[in-house]
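Raw model11.tsv, TSV, C-alpha atoms:
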```tsv
chain	number	residue	atom	x	y	z
A	29	MET	CA	115.39	-28.96	147.26
A	30	ILE	CA	117.60	-26.92	149.60
A	31	VAL	CA	120.52	-26.93	147.15
A	32	GLU	CA	118.22	-25.84	144.31
A	33	ALA	CA	116.73	-23.02	146.40
A	34	VAL	CA	120.17	-21.73	147.37
A	35	LEU	CA	121.43	-21.86	143.75
A	36	ILE	CA	118.32	-20.04	142.53
A	37	GLY	CA	118.89	-17.37	145.16
A	38	VAL	CA	122.52	-16.82	144.18
A	39	ALA	CA	121.66	-16.72	140.46
A	40	ALA	CA	118.75	-14.31	140.92
A	41	GLY	CA	120.88	-12.09	143.15
A	42	ALA	CA	123.73	-12.10	140.63
A	43	VAL	CA	121.45	-11.07	137.75
A	44	SER	CA	119.93	-8.42	140.00
A	45	GLY	CA	123.38	-7.06	140.87
A	46	MET	CA	124.59	-7.10	137.27
A	47	LEU	CA	121.55	-5.75	135.45
A	48	GLY	CA	119.81	-3.69	138.13
A	49	VAL	CA	116.68	-5.81	137.69
A	50	GLY	CA	114.75	-6.70	140.82
A	51	GLY	CA	115.01	-10.30	142.03
A	52	GLY	CA	111.26	-10.87	141.83
A	53	ILE	CA	111.21	-11.39	138.07
A	54	LEU	CA	113.32	-14.54	138.68
A	55	PHE	CA	112.15	-15.48	142.19
A	56	VAL	CA	108.53	-15.99	141.13
A	57	PRO	CA	109.12	-18.40	138.19
A	58	ALA	CA	111.82	-20.22	140.21
A	59	LEU	CA	109.53	-20.72	143.21
A	60	VAL	CA	106.70	-21.89	140.95
A	61	LEU	CA	108.57	-24.03	138.40
A	62	VAL	CA	111.40	-25.44	140.55
A	63	LEU	CA	110.05	-25.49	144.09
A	64	GLY	CA	106.48	-26.26	143.04
A	65	LEU	CA	104.64	-23.40	144.75
A	66	SER	CA	101.35	-22.17	143.29
A	67	GLN	CA	101.51	-18.88	141.34
A	68	VAL	CA	100.08	-16.78	144.19
A	69	ASP	CA	102.17	-18.52	146.88
A	70	GLY	CA	105.25	-18.01	144.68
A	71	GLU	CA	104.47	-14.29	144.39
A	72	ALA	CA	103.89	-13.99	148.14
A	73	THR	CA	107.14	-15.76	148.96
A	74	SER	CA	109.06	-13.75	146.35
A	75	LEU	CA	108.17	-10.58	148.28
A	76	LEU	CA	109.84	-12.02	151.39
A	77	ALA	CA	112.94	-13.02	149.37
A	78	ILE	CA	113.17	-9.51	147.86
A	79	PHE	CA	113.31	-7.84	151.28
A	80	PRO	CA	116.96	-8.66	152.23
A	81	VAL	CA	118.10	-8.03	148.64
A	82	ALA	CA	116.55	-4.54	148.72
A	83	ILE	CA	118.22	-3.74	152.05
A	84	VAL	CA	121.69	-4.72	150.82
A	85	GLY	CA	121.10	-3.07	147.43
A	86	THR	CA	120.05	0.19	149.10
A	87	TRP	CA	123.07	0.11	151.40
A	88	ARG	CA	125.45	-0.40	148.46
A	89	GLN	CA	123.86	2.26	146.27
A	90	GLN	CA	123.75	4.67	149.21
A	91	ARG	CA	127.55	4.55	149.37
A	92	TYR	CA	127.69	5.69	145.73
A	93	GLY	CA	125.31	8.56	146.44
A	94	ASN	CA	122.54	7.06	144.30
A	95	VAL	CA	119.80	6.93	146.96
A	96	ARG	CA	117.51	9.75	148.12
A	97	LEU	CA	116.71	7.83	151.28
A	98	ALA	CA	114.00	10.10	152.73
A	99	GLU	CA	112.06	10.18	149.46
A	100	GLY	CA	112.55	6.45	148.80
A	101	LEU	CA	111.36	5.30	152.23
A	102	LEU	CA	108.48	7.79	152.14
A	103	MET	CA	107.45	6.54	148.70
A	104	GLY	CA	107.51	2.97	150.04
A	105	ALA	CA	105.37	3.94	153.05
A	106	LEU	CA	102.92	5.87	150.85
A	107	ALA	CA	102.68	2.77	148.63
A	108	ALA	CA	101.18	0.74	151.48
A	109	ALA	CA	97.52	1.13	150.46
A	110	GLY	CA	98.35	0.22	146.86
A	111	THR	CA	100.40	-2.77	147.96
A	112	VAL	CA	97.66	-4.11	150.23
A	113	GLY	CA	95.17	-3.52	147.39
A	114	GLY	CA	97.37	-5.38	144.90
A	115	VAL	CA	97.73	-8.34	147.27
A	116	ALA	CA	93.96	-8.38	147.90
A	117	LEU	CA	93.37	-8.30	144.13
A	118	VAL	CA	95.76	-11.17	143.34
A	119	ASN	CA	93.99	-13.26	145.96
A	120	VAL	CA	90.61	-12.93	144.22
A	121	LEU	CA	91.73	-13.13	140.57
A	122	PRO	CA	91.62	-16.55	138.85
A	123	ALA	CA	95.08	-18.18	139.02
A	124	HIS	CA	95.46	-18.52	135.23
A	125	VAL	CA	94.82	-14.80	134.74
A	126	VAL	CA	97.59	-13.98	137.23
A	127	LYS	CA	99.90	-16.43	135.48
A	128	ILE	CA	99.27	-14.93	132.05
A	129	GLY	CA	99.77	-11.43	133.46
A	130	PHE	CA	103.08	-12.48	134.93
A	131	ALA	CA	104.13	-14.09	131.62
A	132	VAL	CA	103.42	-10.75	129.89
A	133	LEU	CA	105.63	-9.00	132.48
A	134	LEU	CA	108.40	-11.54	131.74
A	135	LEU	CA	108.13	-10.87	128.00
A	136	PHE	CA	108.12	-7.10	128.55
A	137	THR	CA	111.32	-7.36	130.65
A	138	ALA	CA	112.84	-9.67	128.00
A	139	PHE	CA	112.07	-6.98	125.40
A	140	GLN	CA	113.78	-4.32	127.53
A	141	MET	CA	116.83	-6.57	127.97
A	142	THR	CA	116.99	-7.27	124.23
A	143	ARG	CA	116.95	-3.54	123.52
A	144	ARG	CA	119.78	-3.09	126.01
A	145	ALA	CA	121.75	-5.94	124.41
A	146	LEU	CA	121.40	-4.35	120.97
A	147	ALA	CA	122.00	-0.73	122.03
A	148	PRO	CA	125.26	0.83	120.80
A	149	ASP	CA	126.37	1.78	124.35
A	150	ALA	CA	125.10	-1.28	126.19
A	151	GLU	CA	127.72	-1.36	128.93
A	152	PRO	CA	126.12	0.11	132.06
A	153	LYS	CA	128.57	0.62	134.89
A	154	PRO	CA	126.54	1.74	137.91
A	155	GLU	CA	129.47	1.06	140.24
A	156	GLU	CA	131.32	4.08	138.85
A	157	ALA	CA	128.65	6.54	139.88
A	158	GLY	CA	129.94	8.97	142.46
A	159	SER	CA	132.73	6.64	143.52
B	165	MET	CA	116.73	13.43	156.76
B	166	PRO	CA	115.74	16.36	154.53
B	167	ARG	CA	112.16	17.58	154.66
B	168	VAL	CA	109.96	16.53	151.77
B	169	SER	CA	107.58	19.20	150.44
B	170	ARG	CA	103.83	18.67	150.33
B	171	ASN	CA	103.78	18.69	146.55
B	172	ARG	CA	106.56	16.13	146.34
B	173	ARG	CA	104.74	13.95	148.88
B	174	LEU	CA	101.71	13.85	146.57
B	175	GLU	CA	103.89	12.86	143.63
B	176	LEU	CA	105.55	10.11	145.66
B	177	LEU	CA	102.09	8.93	146.79
B	178	GLY	CA	101.01	8.61	143.15
B	179	ILE	CA	104.11	6.71	142.03
B	180	GLY	CA	104.17	4.59	145.20
B	181	THR	CA	100.52	3.59	144.87
B	182	ALA	CA	100.99	2.48	141.25
B	183	ALA	CA	104.15	0.55	142.21
B	184	GLY	CA	102.43	-1.00	145.24
B	185	VAL	CA	99.50	-2.34	143.22
B	186	PHE	CA	101.95	-3.75	140.66
B	187	SER	CA	104.10	-5.29	143.39
B	188	GLY	CA	101.14	-6.92	145.12
B	189	LEU	CA	99.79	-8.28	141.85
B	190	PHE	CA	103.02	-9.77	140.56
B	191	GLY	CA	105.23	-10.43	143.60
B	192	VAL	CA	107.98	-8.15	142.30
B	193	GLY	CA	109.47	-5.01	143.82
B	194	GLY	CA	107.79	-2.52	141.50
B	195	GLY	CA	110.98	-0.98	140.10
B	196	THR	CA	109.55	-1.50	136.59
B	197	ILE	CA	106.96	1.17	137.48
B	198	MET	CA	108.98	3.45	139.79
B	199	VAL	CA	112.20	3.90	137.81
B	200	PRO	CA	110.66	5.31	134.59
B	201	LEU	CA	108.17	7.49	136.54
B	202	LEU	CA	110.90	8.96	138.78
B	203	ILE	CA	112.92	9.78	135.65
B	204	LEU	CA	110.10	11.16	133.49
B	205	TRP	CA	107.98	12.86	136.15
B	206	LEU	CA	110.38	13.93	138.91
B	207	GLY	CA	113.49	14.41	136.76
B	208	TYR	CA	115.69	11.83	138.54
B	209	ASP	CA	118.71	10.50	136.64
B	210	GLU	CA	118.66	6.75	135.97
B	211	ARG	CA	121.04	5.72	138.76
B	212	THR	CA	119.33	7.81	141.43
B	213	ALA	CA	115.95	6.51	140.28
B	214	THR	CA	117.15	2.90	140.55
B	215	GLY	CA	118.82	3.46	143.94
B	216	THR	CA	115.87	5.36	145.41
B	217	SER	CA	113.39	2.75	144.15
B	218	LEU	CA	115.40	0.12	146.09
B	219	ALA	CA	114.78	2.04	149.33
B	220	ALA	CA	111.05	2.08	148.54
B	221	ILE	CA	111.15	-1.66	147.77
B	222	ILE	CA	112.38	-2.38	151.33
B	223	VAL	CA	109.06	-1.02	152.65
B	224	ILE	CA	106.89	-2.31	149.79
B	225	SER	CA	108.19	-5.90	150.04
B	226	ALA	CA	107.76	-5.88	153.84
B	227	VAL	CA	104.15	-4.65	153.57
B	228	GLY	CA	103.36	-7.05	150.70
B	229	ALA	CA	104.87	-10.12	152.37
B	230	THR	CA	103.10	-9.34	155.66
B	231	THR	CA	99.76	-8.90	153.89
B	232	GLN	CA	100.26	-12.19	152.01
B	233	ALA	CA	101.05	-13.89	155.33
B	234	PHE	CA	97.54	-12.93	156.54
B	235	TYR	CA	96.14	-14.74	153.49
B	236	GLY	CA	98.23	-17.80	154.43
B	237	ASN	CA	100.22	-17.73	151.17
B	238	LEU	CA	103.69	-17.04	152.56
B	239	HIS	CA	106.25	-19.90	152.63
B	240	VAL	CA	108.72	-18.41	155.09
B	241	ASP	CA	111.24	-21.28	154.80
B	242	ASP	CA	111.38	-21.11	150.98
B	243	GLY	CA	111.56	-17.31	151.05
B	244	LEU	CA	114.56	-17.30	153.37
B	245	LEU	CA	116.23	-20.22	151.53
B	246	VAL	CA	116.13	-18.18	148.32
B	247	GLY	CA	116.42	-14.65	149.71
B	248	ILE	CA	119.46	-14.99	152.00
B	249	PRO	CA	121.73	-16.59	149.32
B	250	ALA	CA	120.50	-13.91	146.90
B	251	VAL	CA	122.29	-11.31	149.02
B	252	GLY	CA	125.56	-13.15	148.28
B	253	GLY	CA	124.48	-13.31	144.63
B	254	VAL	CA	124.11	-9.52	144.46
B	255	LEU	CA	127.69	-9.08	145.65
B	256	LEU	CA	128.85	-11.70	143.11
B	257	GLY	CA	126.88	-9.92	140.37
B	258	THR	CA	128.39	-6.51	141.02
B	259	TRP	CA	131.86	-8.11	140.99
B	260	LEU	CA	131.13	-9.93	137.71
B	261	GLN	CA	129.76	-6.75	136.19
B	262	GLN	CA	133.25	-5.35	135.67
B	263	ARG	CA	134.48	-8.62	134.12
B	264	VAL	CA	131.89	-9.90	131.65
B	265	SER	CA	129.98	-8.35	128.72
B	266	MET	CA	126.74	-6.79	129.98
B	267	ARG	CA	125.45	-6.92	126.42
B	268	LEU	CA	125.87	-10.70	126.35
B	269	ILE	CA	124.32	-11.12	129.81
B	270	SER	CA	121.34	-8.93	128.86
B	271	GLY	CA	120.79	-11.01	125.71
B	272	LEU	CA	121.01	-14.33	127.55
B	273	PHE	CA	118.72	-13.02	130.29
B	274	ALA	CA	116.14	-11.99	127.66
B	275	LEU	CA	116.19	-15.53	126.26
B	276	LEU	CA	115.80	-17.04	129.74
B	277	LEU	CA	112.82	-14.79	130.58
B	278	THR	CA	111.12	-15.67	127.28
B	279	ALA	CA	111.58	-19.39	127.97
B	280	LEU	CA	110.21	-18.95	131.51
B	281	ALA	CA	107.16	-17.07	130.19
B	282	VAL	CA	106.35	-19.94	127.84
B	283	GLU	CA	106.96	-22.62	130.47
B	284	LEU	CA	104.86	-20.79	133.07
B	285	VAL	CA	101.83	-20.60	130.79
B	286	VAL	CA	102.23	-24.10	129.31
B	287	ALA	CA	103.06	-25.90	132.59
```

Could I get this structure in the form of structure tokens?
Amino acid sequence: MIVEAVLIGVAAGAVSGMLGVGGGILFVPALVLVLGLSQVDGEATSLLAIFPVAIVGTWRQQRYGNVRLAEGLLMGALAAAGTVGGVALVNVLPAHVVKIGFAVLLLFTAFQMTRRALAPDAEPKPEEAGS
Amino acid sequence: MPRVSRNRRLELLGIGTAAGVFSGLFGVGGGTIMVPLLILWLGYDERTATGTSLAAIIVISAVGATTQAFYGNLHVDDGLLVGIPAVGGVLLGTWLQQRVSMRLISGLFALLLTALAVELVVA
């Protein structure tokens, strides 16, 4: 269980670092399908796992001049009511509705990734920015 | 830190609220909502939008995880077991980025997400 959790973390982080996709899209299915959490518990726990990834990601991007820190942190703080509302909502919705909603989000992200794979200039190199 | 004008604060409130609801509902950071809105509405370029959304996600994930803890849904041990190694994964990913085809990785990732969507609903 511990080995699986660590491997999932490394893999989700690697995809996040390569593609600029947040870890949550992988954390949630991994926590549910591999570690056996319920959908809502998996989503809750994913938010905790995202926190250190976002800190390190911000720090790295900051060095390349890609972060407007004041606006980003303010936007996060102003999001608080919406975030609490979203959490309250997911706790009253039927579990299968949440699961289907999440599956749609997975398919939408898969669609975006497919478009990127097929685009003529599909080689993003964020590390070059401002460096 | 630079001052943020009143008008800009309202715009950030709108984008943040939408991202927050999305984040709370799905357990993700909310970048899917923030990045396109910052680009289309506030005129950010793609890299600045992605970087700035990460700063917002620090606060959003902290608020979301804390709120979920009050509902008793948070598995702190599992979250740390996955989240701490993920930091190492991010560093590995940015190193790999210069060495493998992003087109191939994007395609494989799309297949993985599709398989996960099916398994999640069927399981």

Give me, as a tab-separated table, each residue of chain A that comes within 6 Å of chain B, together with its shortest interatomic pair and the distance in Å at one decimal, counting only C-alpha atoms, with rows ordered by chain and rising residue number.
```
residue	atom	partner	partner_atom	distance
A:Ala33	CA	B:Val246	CA	5.2
A:Val34	CA	B:Val246	CA	5.5
A:Gly37	CA	B:Ala250	CA	4.2
A:Val38	CA	B:Gly253	CA	4.0
A:Gly41	CA	B:Gly253	CA	4.1
A:Ala42	CA	B:Gly257	CA	3.8
A:Gly45	CA	B:Val254	CA	4.4
A:Met46	CA	B:Gly257	CA	4.8
A:Gly52	CA	B:Val192	CA	4.3
A:Asp69	CA	B:Asn237	CA	4.8
A:Glu71	CA	B:Gly191	CA	4.0
A:Ala72	CA	B:Leu238	CA	5.4
A:Thr73	CA	B:Gly243	CA	5.1
A:Ser74	CA	B:Gly191	CA	5.8
A:Leu75	CA	B:Ser225	CA	5.0
A:Leu76	CA	B:Ala229	CA	5.4
A:Ala77	CA	B:Gly247	CA	3.9
A:Phe79	CA	B:Ile222	CA	5.5
A:Val81	CA	B:Val251	CA	5.3
A:Ala82	CA	B:Ile222	CA	5.4
A:Thr86	CA	B:Leu218	CA	5.5
A:Gln89	CA	B:Gly215	CA	5.7
A:Asn94	CA	B:Thr212	CA	4.4
A:Val95	CA	B:Thr216	CA	4.5
A:Arg96	CA	B:Thr216	CA	5.4
A:Ala98	CA	B:Met165	CA	5.9
A:Gly100	CA	B:Ala220	CA	4.6
A:Leu101	CA	B:Ala220	CA	4.9
A:Met103	CA	B:Leu176	CA	5.1
A:Gly104	CA	B:Ala220	CA	3.9
A:Leu106	CA	B:Leu177	CA	5.2
A:Ala107	CA	B:Gly180	CA	4.2
A:Gly110	CA	B:Thr181	CA	4.5
A:Thr111	CA	B:Gly184	CA	3.8
A:Gly114	CA	B:Val185	CA	4.1
A:Val115	CA	B:Gly188	CA	4.3
A:Val118	CA	B:Leu189	CA	5.2
A:Ala131	CA	B:Ala281	CA	4.5
A:Leu134	CA	B:Leu277	CA	5.6
A:Leu135	CA	B:Thr278	CA	5.7
A:Ala138	CA	B:Ala274	CA	4.0
A:Met141	CA	B:Ser270	CA	5.2
A:Thr142	CA	B:Gly271	CA	5.5
A:Ala145	CA	B:Arg267	CA	4.3
A:Ala150	CA	B:Arg267	CA	5.7
A:Glu151	CA	B:Met266	CA	5.6
```

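Rounded to one decimal, atom CA of B:Leu202 and atom CA of A:Glu99 lie 10.8 Å from each other.
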
Work out how far apart atom CA of A:Val62 and atom CA of A:Val31 are and give it in Å to one decimal.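 Atom CA of A:Val31 lies at a distance of 11.4 Å from atom CA of A:Val62.
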
Let me make sure I understand: among A:Val68, A:Phe55, A:Gly48, A:Leu35, which one has the smallest atom-to-atom distance to A:Leu117 if we use all atoms listed in the file?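 Among the listed residues, the smallest separation from A:Leu117 belongs to A:Val68.
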
Hey, could you patch up stretch 239-261 of chain B with N, CA and C atoms and hand it over as a PDB file, keeping the file's coordinate frame?
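Written file, result.pdb:
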```pdb
ATOM      1  N   HIS B 239     105.413 -18.751 152.240  1.00  0.00           N
ATOM      2  CA  HIS B 239     106.250 -19.900 152.630  1.00  0.00           C
ATOM      3  C   HIS B 239     107.563 -19.334 153.171  1.00  0.00           C
ATOM      4  N   VAL B 240     107.588 -19.103 154.483  1.00  0.00           N
ATOM      5  CA  VAL B 240     108.720 -18.410 155.090  1.00  0.00           C
ATOM      6  C   VAL B 240     110.035 -19.155 154.846  1.00  0.00           C
ATOM      7  N   ASP B 241     110.010 -20.500 154.990  1.00  0.00           N
ATOM      8  CA  ASP B 241     111.240 -21.280 154.800  1.00  0.00           C
ATOM      9  C   ASP B 241     111.785 -21.122 153.383  1.00  0.00           C
ATOM     10  N   ASP B 242     110.935 -21.269 152.370  1.00  0.00           N
ATOM     11  CA  ASP B 242     111.380 -21.110 150.980  1.00  0.00           C
ATOM     12  C   ASP B 242     111.883 -19.694 150.715  1.00  0.00           C
ATOM     13  N   GLY B 243     111.174 -18.713 151.265  1.00  0.00           N
ATOM     14  CA  GLY B 243     111.560 -17.310 151.050  1.00  0.00           C
ATOM     15  C   GLY B 243     112.945 -17.022 151.586  1.00  0.00           C
ATOM     16  N   LEU B 244     113.242 -17.536 152.778  1.00  0.00           N
ATOM     17  CA  LEU B 244     114.560 -17.300 153.370  1.00  0.00           C
ATOM     18  C   LEU B 244     115.633 -18.116 152.653  1.00  0.00           C
ATOM     19  N   LEU B 245     115.281 -19.348 152.249  1.00  0.00           N
ATOM     20  CA  LEU B 245     116.230 -20.220 151.530  1.00  0.00           C
ATOM     21  C   LEU B 245     116.694 -19.577 150.221  1.00  0.00           C
ATOM     22  N   VAL B 246     115.800 -18.833 149.582  1.00  0.00           N
ATOM     23  CA  VAL B 246     116.130 -18.180 148.320  1.00  0.00           C
ATOM     24  C   VAL B 246     116.699 -16.770 148.570  1.00  0.00           C
ATOM     25  N   GLY B 247     116.101 -16.063 149.508  1.00  0.00           N
ATOM     26  CA  GLY B 247     116.420 -14.650 149.710  1.00  0.00           C
ATOM     27  C   GLY B 247     117.779 -14.392 150.357  1.00  0.00           C
ATOM     28  N   ILE B 248     118.169 -15.217 151.321  1.00  0.00           N
ATOM     29  CA  ILE B 248     119.460 -14.990 152.000  1.00  0.00           C
ATOM     30  C   ILE B 248     120.636 -15.251 151.035  1.00  0.00           C
ATOM     31  N   PRO B 249     120.654 -16.401 150.304  1.00  0.00           N
ATOM     32  CA  PRO B 249     121.730 -16.590 149.320  1.00  0.00           C
ATOM     33  C   PRO B 249     121.741 -15.509 148.231  1.00  0.00           C
ATOM     34  N   ALA B 250     120.567 -14.945 147.935  1.00  0.00           N
ATOM     35  CA  ALA B 250     120.500 -13.910 146.900  1.00  0.00           C
ATOM     36  C   ALA B 250     121.337 -12.686 147.277  1.00  0.00           C
ATOM     37  N   VAL B 251     121.460 -12.432 148.577  1.00  0.00           N
ATOM     38  CA  VAL B 251     122.290 -11.310 149.020  1.00  0.00           C
ATOM     39  C   VAL B 251     123.743 -11.543 148.583  1.00  0.00           C
ATOM     40  N   GLY B 252     124.226 -12.793 148.766  1.00  0.00           N
ATOM     41  CA  GLY B 252     125.560 -13.150 148.280  1.00  0.00           C
ATOM     42  C   GLY B 252     125.638 -13.029 146.760  1.00  0.00           C
ATOM     43  N   GLY B 253     124.544 -13.403 146.089  1.00  0.00           N
ATOM     44  CA  GLY B 253     124.480 -13.310 144.630  1.00  0.00           C
ATOM     45  C   GLY B 253     124.631 -11.880 144.135  1.00  0.00           C
ATOM     46  N   VAL B 254     124.011 -10.931 144.855  1.00  0.00           N
ATOM     47  CA  VAL B 254     124.110  -9.520 144.460  1.00  0.00           C
ATOM     48  C   VAL B 254     125.569  -9.071 144.479  1.00  0.00           C
ATOM     49  N   LEU B 255     126.277  -9.470 145.544  1.00  0.00           N
ATOM     50  CA  LEU B 255     127.690  -9.080 145.650  1.00  0.00           C
ATOM     51  C   LEU B 255     128.501  -9.724 144.527  1.00  0.00           C
ATOM     52  N   LEU B 256     128.190 -11.003 144.222  1.00  0.00           N
ATOM     53  CA  LEU B 256     128.850 -11.700 143.110  1.00  0.00           C
ATOM     54  C   LEU B 256     128.554 -10.981 141.789  1.00  0.00           C
ATOM     55  N   GLY B 257     127.299 -10.589 141.604  1.00  0.00           N
ATOM     56  CA  GLY B 257     126.880  -9.920 140.370  1.00  0.00           C
ATOM     57  C   GLY B 257     127.591  -8.606 140.140  1.00  0.00           C
ATOM     58  N   THR B 258     127.728  -7.805 141.199  1.00  0.00           N
ATOM     59  CA  THR B 258     128.390  -6.510 141.020  1.00  0.00           C
ATOM     60  C   THR B 258     129.880  -6.716 140.748  1.00  0.00           C
ATOM     61  N   TRP B 259     130.461  -7.796 141.271  1.00  0.00           N
ATOM     62  CA  TRP B 259     131.860  -8.110 140.990  1.00  0.00           C
ATOM     63  C   TRP B 259     132.012  -8.562 139.532  1.00  0.00           C
ATOM     64  N   LEU B 260     131.091  -9.427 139.083  1.00  0.00           N
ATOM     65  CA  LEU B 260     131.130  -9.930 137.710  1.00  0.00           C
ATOM     66  C   LEU B 260     130.926  -8.831 136.679  1.00  0.00           C
ATOM     67  N   GLN B 261     130.149  -7.816 137.099  1.00  0.00           N
ATOM     68  CA  GLN B 261     129.760  -6.750 136.190  1.00  0.00           C
ATOM     69  C   GLN B 261     130.958  -6.101 135.490  1.00  0.00           C
TER      70      GLN B 261
END
```
